[in-house]
Amino acid sequence: MTRTIFRMSHSGFDLQHPRVSVVTMHYLVGTPDGDRAHDPTCTTLSMWTDDDFLDALTAAGCTPKFYLPGFGNGVYVAVKR
């Protein structure tokens with residue numbers, strides 16, 4: 001059985017909450033018996049600044065540091081005090 005899955009997505013912002021990104025995904029599955037559409041899924045993602053992350057890690061009792069080189073978009077490393 002051969003199956004093809006196609007995903008289409010759209011992202012935008014929640015106008016009531018400007019630091020929330022909303023992503024809606026639609027799926028279409030094709031089989032030899034025909035196509036079948038799935039209900040869309042909606043995911044909300046919170047957007048945080050570097051300072052937000054560092055403050056949260058510090059509040060959790062850690063000593064945080066942000067590393068950029070060699071880690072693509074960067075990585076936060078925190079050591080519990």
# chains A, B, ... in the order shown; residues from 1 in each chain; ligands from 1
call {"tool": "select_by_dssp", "arguments": {"residues": "chain A", "states": "helix (DSSP H, G or I)", "output": "ChimeraX atom specification"}}
result
/A:50-59
call {"tool": "select_by_dssp", "arguments": {"residues": "chain A", "states": "strand (DSSP E)", "output": "JSON, numbers by chain"}}
result
{"A": [4, 5, 6, 7, 8, 9, 10, 11, 12, 13, 14, 17, 18, 19, 20, 21, 22, 23, 24, 25, 26, 27, 28, 29, 30, 31, 34, 35, 36, 37, 41, 42, 43, 44, 45, 46, 62, 63, 64, 65, 66, 67, 75, 76, 77, 78, 79, 80]}
call {"tool": "atom_distance", "arguments": {"atom1": "atom CA of A:Asp52", "atom2": "atom CA of A:Phe66"}}
result
12.2 Å
call {"tool": "residues_around", "arguments": {"residues": "A:Thr41", "least_positions_apart": "5", "cutoff": "9 Å", "atoms": "only C-alpha atoms", "output": "number ranges by chain"}}
result
A: 23-27
call {"tool": "closest_residue", "arguments": {"among": "A:Lys65, A:Arg19, A:Lys80, A:Arg7", "to": "A:Asp39", "atoms": "only C-alpha atoms"}}
result
A:Arg7
call {"tool": "residues_around", "arguments": {"residues": "A:Thr58", "least_positions_apart": "6", "cutoff": "12 Å", "atoms": "only C-alpha atoms", "output": "PyMOL selection string"}}
result
chain A and resi 51-52+64-65+76-81
call {"tool": "residues_around", "arguments": {"residues": "A:Ile5", "least_positions_apart": "6", "cutoff": "9 Å", "atoms": "only C-alpha atoms", "output": "list in words"}}
result
Tyr27, Leu28, Val29, Gly30 and Thr31 of chain A
call {"tool": "atom_distance", "arguments": {"atom1": "atom CA of A:Trp48", "atom2": "atom CA of A:His17"}}
result
12.5 Å
call {"tool": "residues_around", "arguments": {"residues": "A:Asp14", "least_positions_apart": "4", "cutoff": "12 Å", "atoms": "only C-alpha atoms", "output": "PyMOL selection string"}}
result
chain A and resi 18-23+43-47
